[in-house]
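Engineer: So here's coords_29.cif, just mmCIF, C-alpha atoms:
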data_query
#
loop_
_atom_site.label_atom_id
_atom_site.label_comp_id
_atom_site.auth_asym_id
_atom_site.auth_seq_id
_atom_site.Cartn_x
_atom_site.Cartn_y
_atom_site.Cartn_z
CA MET A 137 43.81 -30.27 8.09
CA VAL A 138 41.26 -27.80 6.82
CA TYR A 139 40.92 -24.66 8.91
CA GLY A 140 38.61 -22.74 6.65
CA ALA A 141 36.93 -22.83 3.31
CA ARG A 142 37.85 -20.63 0.43
CA LEU A 143 34.85 -19.59 -1.62
CA ARG A 144 35.24 -18.89 -5.30
CA PRO A 145 32.44 -17.81 -7.61
CA SER A 146 31.28 -20.60 -9.84
CA ARG A 147 30.99 -19.90 -13.54
CA GLY A 148 27.42 -21.19 -13.59
CA VAL A 149 26.02 -18.88 -10.88
CA ASN A 150 23.20 -16.67 -12.10
CA VAL A 151 23.53 -13.47 -10.08
CA ALA A 152 20.03 -12.32 -11.04
CA ALA A 153 18.54 -15.59 -9.75
CA VAL A 154 20.39 -15.27 -6.46
CA ALA A 155 19.19 -11.66 -6.12
CA GLY A 156 15.62 -12.78 -6.85
CA VAL A 157 15.74 -15.40 -4.13
CA LEU A 158 17.09 -12.83 -1.67
CA ILE A 159 14.27 -10.44 -2.55
CA LEU A 160 11.68 -13.16 -1.97
CA ILE A 161 13.22 -13.98 1.39
CA MET A 162 13.64 -10.37 2.52
CA SER A 163 10.40 -8.86 1.11
CA PRO A 164 8.19 -9.79 4.09
CA ILE A 165 10.77 -8.35 6.44
CA LEU A 166 11.38 -5.12 4.51
CA ALA A 167 7.85 -4.44 3.24
CA PRO A 168 6.77 -2.26 6.19
CA PHE A 169 9.81 -0.05 5.57
CA THR A 170 9.38 0.40 1.82
CA ALA A 171 7.17 2.89 0.12
CA THR A 172 4.91 2.75 -2.86
CA THR A 173 4.23 5.93 -4.73
CA LEU A 174 2.38 6.91 -7.83
CA ALA A 175 3.99 8.38 -10.86
CA TYR A 176 2.13 10.14 -13.60
CA SER A 177 2.63 8.14 -16.77
CA SER A 178 3.74 9.69 -20.00
CA SER A 179 0.46 8.63 -21.61
CA GLY A 180 -1.14 11.54 -19.80
CA SER A 181 -3.99 9.94 -17.90
CA ASP A 182 -2.83 6.90 -15.98
CA TYR A 183 -1.21 6.70 -12.59
CA VAL A 184 1.07 3.74 -12.14
CA ALA A 185 2.14 2.32 -8.80
CA GLN A 186 5.88 2.17 -8.50
CA ASN A 187 7.47 0.15 -5.77
CA PHE A 188 10.70 1.58 -4.38
CA GLN A 189 12.12 -1.94 -4.37
CA GLY A 190 12.08 -1.70 -8.15
CA ALA A 191 9.48 -4.37 -8.82
CA ASN A 192 8.07 -4.28 -12.32
CA ASN A 193 4.34 -3.47 -12.22
CA SER A 194 3.44 -6.24 -14.64
CA SER A 195 5.18 -8.92 -12.58
CA SER A 196 5.67 -7.64 -9.08
CA VAL A 197 7.49 -9.64 -6.46
CA SER A 198 5.00 -11.74 -4.58
CA PHE A 199 5.25 -13.46 -1.26
CA ASP A 200 2.93 -15.08 1.24
CA ASP A 201 0.07 -12.95 2.49
CA TRP A 202 1.22 -13.33 6.05
CA SER A 203 4.67 -12.52 7.35
CA MET A 204 6.03 -15.71 8.82
CA SER A 205 7.88 -13.80 11.51
CA SER A 206 5.20 -11.44 12.75
CA GLY A 207 1.84 -12.81 11.62
CA VAL A 208 1.06 -9.38 10.17
CA TYR A 209 -0.49 -9.11 6.72
CA LEU A 210 1.79 -7.39 4.23
CA ALA A 211 0.11 -5.82 1.22
CA THR A 212 1.75 -6.73 -2.05
CA ALA A 213 2.65 -4.21 -4.73
CA THR A 214 -0.26 -5.61 -6.76
CA ASP A 215 -2.70 -5.07 -3.85
CA ILE A 216 -1.54 -1.48 -3.56
CA ARG A 217 -1.62 -0.77 -7.29
CA ASP A 218 -5.14 -2.20 -7.64
CA ALA A 219 -6.41 -0.21 -4.66
CA GLN A 220 -4.90 3.02 -5.96
CA GLU A 221 -6.27 2.52 -9.46
CA PHE A 222 -9.74 1.95 -8.01
CA ALA A 223 -9.39 4.98 -5.73
CA LEU A 224 -8.39 7.21 -8.65
CA ALA A 225 -11.51 6.20 -10.57
CA GLU A 226 -13.67 6.88 -7.51
CA VAL A 227 -12.01 10.24 -6.85
CA LEU A 228 -12.71 11.32 -10.41
CA LYS A 229 -16.35 10.07 -10.16
CA LEU A 230 -16.78 12.33 -7.14
CA GLY A 231 -15.71 15.31 -9.23
CA TRP A 232 -12.31 15.75 -7.63
CA ASN A 233 -9.19 16.09 -9.76
CA GLU A 234 -5.82 14.38 -9.91
CA ASP A 235 -4.34 16.82 -7.38
CA GLU A 236 -6.95 15.68 -4.88
CA PHE A 237 -6.01 12.10 -5.68
CA MET A 238 -2.36 12.81 -4.88
CA CYS A 239 -3.44 14.24 -1.51
CA LEU A 240 -5.39 11.02 -0.92
CA VAL A 241 -2.30 8.97 -1.80
CA ASN A 242 -0.23 10.96 0.70
CA LEU A 243 -2.89 10.63 3.38
CA TRP A 244 -3.40 6.90 3.05
CA ASN A 245 0.31 6.24 2.62
CA ARG A 246 0.71 7.81 6.06
CA GLU A 247 -2.27 6.00 7.55
CA SER A 248 -1.92 2.44 6.25
CA HIS A 249 0.45 2.27 3.29
CA TRP A 250 -2.68 1.21 1.36
CA ASN A 251 -2.80 -2.08 3.29
CA TYR A 252 -6.45 -3.17 3.46
CA ARG A 253 -5.71 -5.30 6.52
CA ALA A 254 -3.74 -2.67 8.41
CA HIS A 255 -4.75 -2.75 12.06
CA ASN A 256 -3.60 -0.33 14.70
CA VAL A 257 -3.56 -2.46 17.82
CA GLY A 258 -3.36 0.60 20.09
CA SER A 259 -6.38 2.46 18.74
CA GLY A 260 -8.31 -0.25 16.92
CA ALA A 261 -8.24 1.66 13.62
CA TYR A 262 -8.52 -0.63 10.61
CA GLY A 263 -8.04 -0.78 6.87
CA ILE A 264 -6.79 1.58 4.20
CA PRO A 265 -8.55 4.66 5.64
CA GLN A 266 -7.85 3.55 9.25
CA ALA A 267 -11.50 3.77 10.29
CA LEU A 268 -11.96 3.95 14.04
CA PRO A 269 -13.50 1.61 14.87
CA GLY A 270 -13.10 -0.43 11.73
CA SER A 271 -16.65 -1.73 11.97
CA LYS A 272 -17.87 1.73 10.87
CA MET A 273 -17.03 0.63 7.34
CA ALA A 274 -19.85 -1.95 7.48
CA SER A 275 -22.09 0.89 6.30
CA ALA A 276 -20.33 0.59 2.94
CA GLY A 277 -20.47 -3.23 2.77
CA ALA A 278 -20.46 -6.39 4.84
CA ASP A 279 -17.06 -7.28 3.38
CA TRP A 280 -15.36 -4.24 4.92
CA GLU A 281 -12.64 -6.33 6.61
CA THR A 282 -11.38 -7.94 3.42
CA ASN A 283 -12.42 -5.74 0.48
CA PRO A 284 -10.21 -2.73 -0.28
CA ARG A 285 -12.90 -1.29 -2.59
CA THR A 286 -15.44 -1.22 0.24
CA GLN A 287 -12.88 0.49 2.47
CA ILE A 288 -12.02 3.03 -0.21
CA ARG A 289 -15.68 3.89 -0.85
CA TRP A 290 -16.26 4.34 2.87
CA GLY A 291 -13.06 6.37 3.30
CA LEU A 292 -13.90 8.73 0.45
CA GLY A 293 -17.39 9.26 1.88
CA TYR A 294 -15.87 10.02 5.27
CA ILE A 295 -13.41 12.49 3.76
CA ASP A 296 -16.14 14.17 1.71
CA ASN A 297 -18.51 14.50 4.68
CA ARG A 298 -15.94 15.59 7.25
CA TYR A 299 -13.35 17.59 5.27
CA GLY A 300 -14.84 18.29 1.86
CA SER A 301 -11.86 16.97 -0.09
CA PRO A 302 -8.79 14.76 0.20
CA CYS A 303 -6.48 17.81 0.16
CA ASP A 304 -8.35 19.33 3.11
CA ALA A 305 -8.11 15.99 4.96
CA TRP A 306 -4.39 15.76 4.11
CA GLN A 307 -3.82 19.32 5.38
CA HIS A 308 -5.61 18.46 8.63
CA SER A 309 -3.48 15.33 8.96
CA GLN A 310 -0.31 17.34 8.43
CA ASP A 311 -1.40 19.89 11.03
CA THR A 312 -2.58 17.44 13.70
CA GLY A 313 -1.12 14.01 12.86
CA TRP A 314 -4.57 12.50 12.36
CA TYR A 315 -7.68 12.97 10.24
#
Would you write out, as structure tokens, the structure that this file holds?
Structural biologist:
Amino acid sequence: MVYGARLRPSRGVNVAAVAGVLILIMSPILAPFTATTLAYSSSGSDYVAQNFQGANNSSSVSFDDWSMSSGVYLATATDIRDAQEFALAEVLKLGWNEDEFMCLVNLWNRESHWNYRAHNVGSGAYGIPQALPGSKMASAGADWETNPRTQIRWGLGYIDNRYGSPCDAWQHSQDTGWY
């Protein structure tokens, strides 16, 4: 009679492959609880998105656009990196500096985690800048629901007109919980 199975590691098991499969399976579940930040690169002028899960920027872990369990869109590390790189260029075009960009990163990390399909069901806020209502962003482009660049342009215009700078918007958000 067999009452249980005894598991022994096989000599041919590739631990890295098993870990990779686990990451692919768990990424959609863990994505809302992970953070992406920017680090200043040693080259002196580039910001590089770094995913706390340790994904390499050149070949980030990818998974389906929609979480199978919740139906909620989960932005990939590549989505986030591309949006932040575009935002940095736009911030600099507006005459703001890299400190202002870091305030923007903090602000939009809090608001949407740089997810261009983020939707607050309670308030109706939408997108990276969490425009309320989201349809306000149509003034920046008809593709406001699906184009992070359109959302970023609109969000930077909103910040400029209402607060004067991303750091002032970030300070207001810290003081009140909204911007």
Engineer: List as JSON, numbers by chain the protein and nucleic acid residues near range 247-250 of chain A, meaning an atom at most 7 Å away when only C-alpha atoms are counted, but skip any in the same chain fewer than 6 places from it.
Structural biologist: {"A": [216, 263, 264, 265, 266]}
Engineer: For a test of reading the model, state the distance in Å between CA of Asp279 in chain A and CA of Asn251 in chain A, rounded to one decimal.
Structural biologist: 15.2 Å
Engineer: With the cut-off set at 12 Å and counting all atoms listed in the file, tabulate each residue of range 210-238 of chain A with an atom at most that distance from an atom of range 242-245 of chain A, showing the nearest atom pair and its distance in Å to one decimal, ordered by chain and increasing number, as JSON lines.
Structural biologist:
{"residue": "A:Ile216", "atom": "CA", "partner": "A:Asn245", "partner_atom": "CA", "distance": 10.1}
{"residue": "A:Ala219", "atom": "CA", "partner": "A:Trp244", "partner_atom": "CA", "distance": 10.9}
{"residue": "A:Gln220", "atom": "CA", "partner": "A:Trp244", "partner_atom": "CA", "distance": 9.9}
{"residue": "A:Ala223", "atom": "CA", "partner": "A:Trp244", "partner_atom": "CA", "distance": 10.8}
{"residue": "A:Asp235", "atom": "CA", "partner": "A:Asn242", "partner_atom": "CA", "distance": 10.8}
{"residue": "A:Glu236", "atom": "CA", "partner": "A:Asn242", "partner_atom": "CA", "distance": 9.9}
{"residue": "A:Phe237", "atom": "CA", "partner": "A:Asn242", "partner_atom": "CA", "distance": 8.7}
{"residue": "A:Met238", "atom": "CA", "partner": "A:Asn242", "partner_atom": "CA", "distance": 6.3}
Engineer: So what does the PyMOL selection byres ((chain A and resi 286) around 10) actually pick up in this one, as an mmCIF file with C-alpha atoms, in the frame of the given file?
Structural biologist:
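Now in part.cif:
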data_model
loop_
_atom_site.group_PDB
_atom_site.id
_atom_site.type_symbol
_atom_site.label_atom_id
_atom_site.label_comp_id
_atom_site.auth_asym_id
_atom_site.auth_seq_id
_atom_site.Cartn_x
_atom_site.Cartn_y
_atom_site.Cartn_z
ATOM 1 C CA TYR A 252 -6.450 -3.170 3.460
ATOM 2 C CA GLY A 263 -8.040 -0.780 6.870
ATOM 3 C CA ILE A 264 -6.790 1.580 4.200
ATOM 4 C CA MET A 273 -17.030 0.630 7.340
ATOM 5 C CA ALA A 274 -19.850 -1.950 7.480
ATOM 6 C CA SER A 275 -22.090 0.890 6.300
ATOM 7 C CA ALA A 276 -20.330 0.590 2.940
ATOM 8 C CA GLY A 277 -20.470 -3.230 2.770
ATOM 9 C CA ALA A 278 -20.460 -6.390 4.840
ATOM 10 C CA ASP A 279 -17.060 -7.280 3.380
ATOM 11 C CA TRP A 280 -15.360 -4.240 4.920
ATOM 12 C CA GLU A 281 -12.640 -6.330 6.610
ATOM 13 C CA THR A 282 -11.380 -7.940 3.420
ATOM 14 C CA ASN A 283 -12.420 -5.740 0.480
ATOM 15 C CA PRO A 284 -10.210 -2.730 -0.280
ATOM 16 C CA ARG A 285 -12.900 -1.290 -2.590
ATOM 17 C CA GLN A 287 -12.880 0.490 2.470
ATOM 18 C CA ILE A 288 -12.020 3.030 -0.210
ATOM 19 C CA ARG A 289 -15.680 3.890 -0.850
ATOM 20 C CA TRP A 290 -16.260 4.340 2.870
ATOM 21 C CA GLY A 291 -13.060 6.370 3.300
#
Engineer: Pick out the closest residue to Leu292 in chain A from this set: A:Arg217, A:Lys229, A:Arg246, A:Arg253. Count all atoms listed in the file.
Structural biologist: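 With all atoms listed in the file as the atom set, the closest residue is A:Lys229.
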Engineer: Distance CA of Trp306 in chain A-CA of Cys239 in chain A, one decimal place?
Structural biologist: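 Rounded to one decimal, the two atoms are 5.9 Å apart.
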Engineer: Counting all atoms listed in the file, which of A:Val241, A:Ala261, A:Asn256, A:Arg298 gets nearest to Leu224 in chain A?
Structural biologist: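 Among the listed residues, A:Val241 lies closest to Leu224 in chain A.
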Engineer: Measuring atom to atom with all atoms listed in the file, identify which of A:Glu221, A:Ala211, A:Asp304, A:Lys272 is nearest to Gly260 in chain A.
Structural biologist: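 That would be A:Lys272, the residue with the smallest distance to Gly260 in chain A.
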Engineer: Can you tell me how far CA of Glu234 in chain A sits from CA of Gln307 in chain A, in Å to one decimal?
Structural biologist: 16.2 Å
